[in-house]
Amino acid sequence: MTTSRATTEAKTTAVAGCGFREIRGLVTELSRRLDAHQRSRIAELDLTPTQAKALEELGEPKTARELAAVLCCEPPNVTYVISKLEKQGMVVRRPHPADGRAKQLVLTEAGRELRLDLLRRMGTESPLDHLSHEERSALRDELLRALGRATDAA
């Protein structure tokens, strides 16, 4: 009976874990490859990862507080990053149109060009390049579903 119970438990464990370890391993490997790709593209432009993320997020003007929330960091850290980008002529601070106390972070023409170059580079030779647009969309939808998040109705 002990052997039978051990066999039953082994079968139950195998069925319950069917594919989860492999999926976790594949998602982890893909994440590592995407991260390495991103870091190499960012390094080509002599940016830090945080500067690159700030440039990505500033496609539309944001306050330092809004940018800090998106970057998951404290506003003083954003101030440091933005100051460096400002010195490079990539970002300017402008009065907020609706809040006289706040400043908006706005990309300069050079900043917009650098942002586009960054986005182009990150989309080139990506670990997902071999997938068609439809396959990438399907992968995105399945990942959102796995995360319990609704997909856009498109």
# chains A, B, ... in the order shown; residues from 1 in each chain; ligands from 1
>>> residues_around(residues="A:Glu57", least_positions_apart="4", cutoff="9 Å", atoms="only C-alpha atoms", output="MDAnalysis selection string")
chainID A and resid 52:53 61:62 67 70:71
>>> closest_atom_pairs(of="stretch 22-62 of chain A", to="stretch 135-154 of chain A", cutoff="12 Å", atoms="only C-alpha atoms", output="tab-separated table")
residue	atom	partner	partner_atom	distance
A:Ile23	CA	A:Ala146	CA	11.3
A:Arg24	CA	A:Ala146	CA	11.9
A:Val27	CA	A:Leu143	CA	9.9
>>> write_last_selection(atoms="all heavy atoms", output="mmCIF file, in the first residue's frame")
data_model
loop_
_atom_site.group_PDB
_atom_site.id
_atom_site.type_symbol
_atom_site.label_atom_id
_atom_site.label_comp_id
_atom_site.auth_asym_id
_atom_site.auth_seq_id
_atom_site.Cartn_x
_atom_site.Cartn_y
_atom_site.Cartn_z
ATOM 1 N N ILE A 23 7.161 26.018 -18.525
ATOM 2 C CA ILE A 23 6.683 27.362 -18.876
ATOM 3 C C ILE A 23 7.441 28.415 -18.073
ATOM 4 O O ILE A 23 7.900 29.416 -18.621
ATOM 5 C CB ILE A 23 5.159 27.489 -18.662
ATOM 6 C CG1 ILE A 23 4.427 26.635 -19.702
ATOM 7 C CG2 ILE A 23 4.713 28.951 -18.743
ATOM 8 C CD1 ILE A 23 2.955 26.455 -19.427
ATOM 9 N N ARG A 24 7.590 28.191 -16.783
ATOM 10 C CA ARG A 24 8.335 29.132 -15.942
ATOM 11 C C ARG A 24 9.761 29.289 -16.459
ATOM 12 O O ARG A 24 10.270 30.406 -16.578
ATOM 13 C CB ARG A 24 8.344 28.666 -14.486
ATOM 14 C CG ARG A 24 9.032 29.673 -13.556
ATOM 15 C CD ARG A 24 9.085 29.208 -12.121
ATOM 16 N NE ARG A 24 9.936 28.034 -12.037
ATOM 17 C CZ ARG A 24 9.660 26.953 -11.306
ATOM 18 N NH1 ARG A 24 8.557 26.897 -10.593
ATOM 19 N NH2 ARG A 24 10.487 25.940 -11.271
ATOM 20 N N VAL A 27 9.626 31.321 -19.793
ATOM 21 C CA VAL A 27 9.344 32.736 -19.549
ATOM 22 C C VAL A 27 10.578 33.419 -18.951
ATOM 23 O O VAL A 27 10.947 34.531 -19.349
ATOM 24 C CB VAL A 27 8.103 32.905 -18.638
ATOM 25 C CG1 VAL A 27 7.965 34.343 -18.143
ATOM 26 C CG2 VAL A 27 6.847 32.476 -19.379
#
>>> select_by_dssp(residues="stretch 2-152 of chain A", states="strand (DSSP E)", output="list in words")
Lys62, Thr63, Val91, Val92, Arg93, Arg94, Pro95, Lys103, Gln104, Leu105, Val106 and Leu107 of chain A
>>> residues_around(residues="A:Lys87", least_positions_apart="6", cutoff="12 Å", atoms="only C-alpha atoms", output="PDB file with N, CA, C and O atoms, in the first residue's frame")
ATOM      1  N   TYR A  80      17.282  63.575 -10.460  1.00  0.00           N
ATOM      2  CA  TYR A  80      18.684  63.317 -10.822  1.00  0.00           C
ATOM      3  C   TYR A  80      18.789  62.867 -12.281  1.00  0.00           C
ATOM      4  O   TYR A  80      19.604  63.387 -13.045  1.00  0.00           O
ATOM      5  N   VAL A  81      17.952  61.918 -12.674  1.00  0.00           N
ATOM      6  CA  VAL A  81      17.969  61.391 -14.046  1.00  0.00           C
ATOM      7  C   VAL A  81      17.619  62.493 -15.036  1.00  0.00           C
ATOM      8  O   VAL A  81      18.284  62.668 -16.072  1.00  0.00           O
ATOM      9  N   ARG A  93      12.265  71.524 -18.792  1.00  0.00           N
ATOM     10  CA  ARG A  93      11.167  71.646 -17.831  1.00  0.00           C
ATOM     11  C   ARG A  93      10.354  72.865 -18.242  1.00  0.00           C
ATOM     12  O   ARG A  93      10.904  73.950 -18.411  1.00  0.00           O
ATOM     13  N   THR A 108      13.036  67.579 -25.921  1.00  0.00           N
ATOM     14  CA  THR A 108      13.438  68.528 -26.953  1.00  0.00           C
ATOM     15  C   THR A 108      13.419  67.786 -28.290  1.00  0.00           C
ATOM     16  O   THR A 108      13.183  66.568 -28.340  1.00  0.00           O
ATOM     17  N   GLY A 111      15.851  65.162 -28.009  1.00  0.00           N
ATOM     18  CA  GLY A 111      15.318  64.105 -27.145  1.00  0.00           C
ATOM     19  C   GLY A 111      14.331  63.216 -27.884  1.00  0.00           C
ATOM     20  O   GLY A 111      14.333  61.991 -27.727  1.00  0.00           O
TER      21      GLY A 111
END
>>> atom_distance(atom1="atom CA of A:Met122", atom2="atom CA of A:Leu55")
12.8 Å
>>> atom_distance(atom1="atom CA of A:Leu114", atom2="atom CA of A:Arg39")
15.7 Å
>>> select_by_dssp(residues="chain A", states="helix (DSSP H, G or I)", output="PyMOL selection string")
chain A and resi 2-16+20-44+49-57+64-71+75-87+109-122+133-146
>>> atom_distance(atom1="atom CA of A:Phe20", atom2="atom CA of A:Arg32")
18.1 Å
>>> closest_residue(among="A:Lys84, A:Glu74, A:Arg121, A:Ala98", to="A:Ala43", atoms="only C-alpha atoms")
A:Arg121
>>> closest_residue(among="A:Asp99, A:Asp129, A:Glu22, A:Glu60", to="A:Arg112", atoms="only C-alpha atoms")
A:Glu60
>>> residues_around(residues="A:Ser40", least_positions_apart="6", cutoff="12 Å", atoms="only C-alpha atoms", output="list of chain:residue names")
A:Arg33, A:Leu34, A:Asp46, A:Leu47, A:Thr48, A:Pro49, A:Ala52, A:Leu118, A:Arg121, A:Met122, A:Thr124, A:Glu125, A:Ser126
>>> residues_around(residues="A:Arg120", least_positions_apart="5", cutoff="12 Å", atoms="only C-alpha atoms", output="ChimeraX atom specification")
/A:38,41-42,45,56,113-115,125-126
>>> write_last_selection(atoms="N, CA and C atoms", output="mmCIF file, in the first residue's frame")
data_model
loop_
_atom_site.group_PDB
_atom_site.id
_atom_site.type_symbol
_atom_site.label_atom_id
_atom_site.label_comp_id
_atom_site.auth_asym_id
_atom_site.auth_seq_id
_atom_site.Cartn_x
_atom_site.Cartn_y
_atom_site.Cartn_z
ATOM 1 N N GLN A 38 17.815 44.559 -24.535
ATOM 2 C CA GLN A 38 17.515 45.941 -24.167
ATOM 3 C C GLN A 38 18.763 46.636 -23.628
ATOM 4 N N ARG A 41 21.223 47.506 -26.422
ATOM 5 C CA ARG A 41 20.756 48.626 -27.248
ATOM 6 C C ARG A 41 20.886 49.953 -26.498
ATOM 7 N N ILE A 42 20.592 49.945 -25.219
ATOM 8 C CA ILE A 42 20.719 51.149 -24.398
ATOM 9 C C ILE A 42 22.184 51.566 -24.314
ATOM 10 N N LEU A 45 23.743 53.651 -27.048
ATOM 11 C CA LEU A 45 23.413 55.081 -27.035
ATOM 12 C C LEU A 45 24.020 55.800 -25.831
ATOM 13 N N GLU A 56 11.690 56.739 -22.977
ATOM 14 C CA GLU A 56 10.546 55.980 -23.506
ATOM 15 C C GLU A 56 9.233 56.549 -22.994
ATOM 16 N N GLU A 113 14.311 62.693 -31.127
ATOM 17 C CA GLU A 113 15.100 61.900 -32.078
ATOM 18 C C GLU A 113 15.797 60.740 -31.371
ATOM 19 N N LEU A 114 16.365 61.015 -30.194
ATOM 20 C CA LEU A 114 17.027 59.958 -29.429
ATOM 21 C C LEU A 114 16.021 58.897 -29.000
ATOM 22 N N ARG A 115 14.833 59.323 -28.578
ATOM 23 C CA ARG A 115 13.785 58.375 -28.175
ATOM 24 C C ARG A 115 13.412 57.468 -29.346
ATOM 25 N N GLU A 125 16.459 43.203 -34.173
ATOM 26 C CA GLU A 125 17.142 41.979 -33.740
ATOM 27 C C GLU A 125 16.732 41.562 -32.327
ATOM 28 N N SER A 126 15.480 41.801 -32.027
ATOM 29 C CA SER A 126 14.913 41.424 -30.736
ATOM 30 C C SER A 126 14.728 39.911 -30.678
#
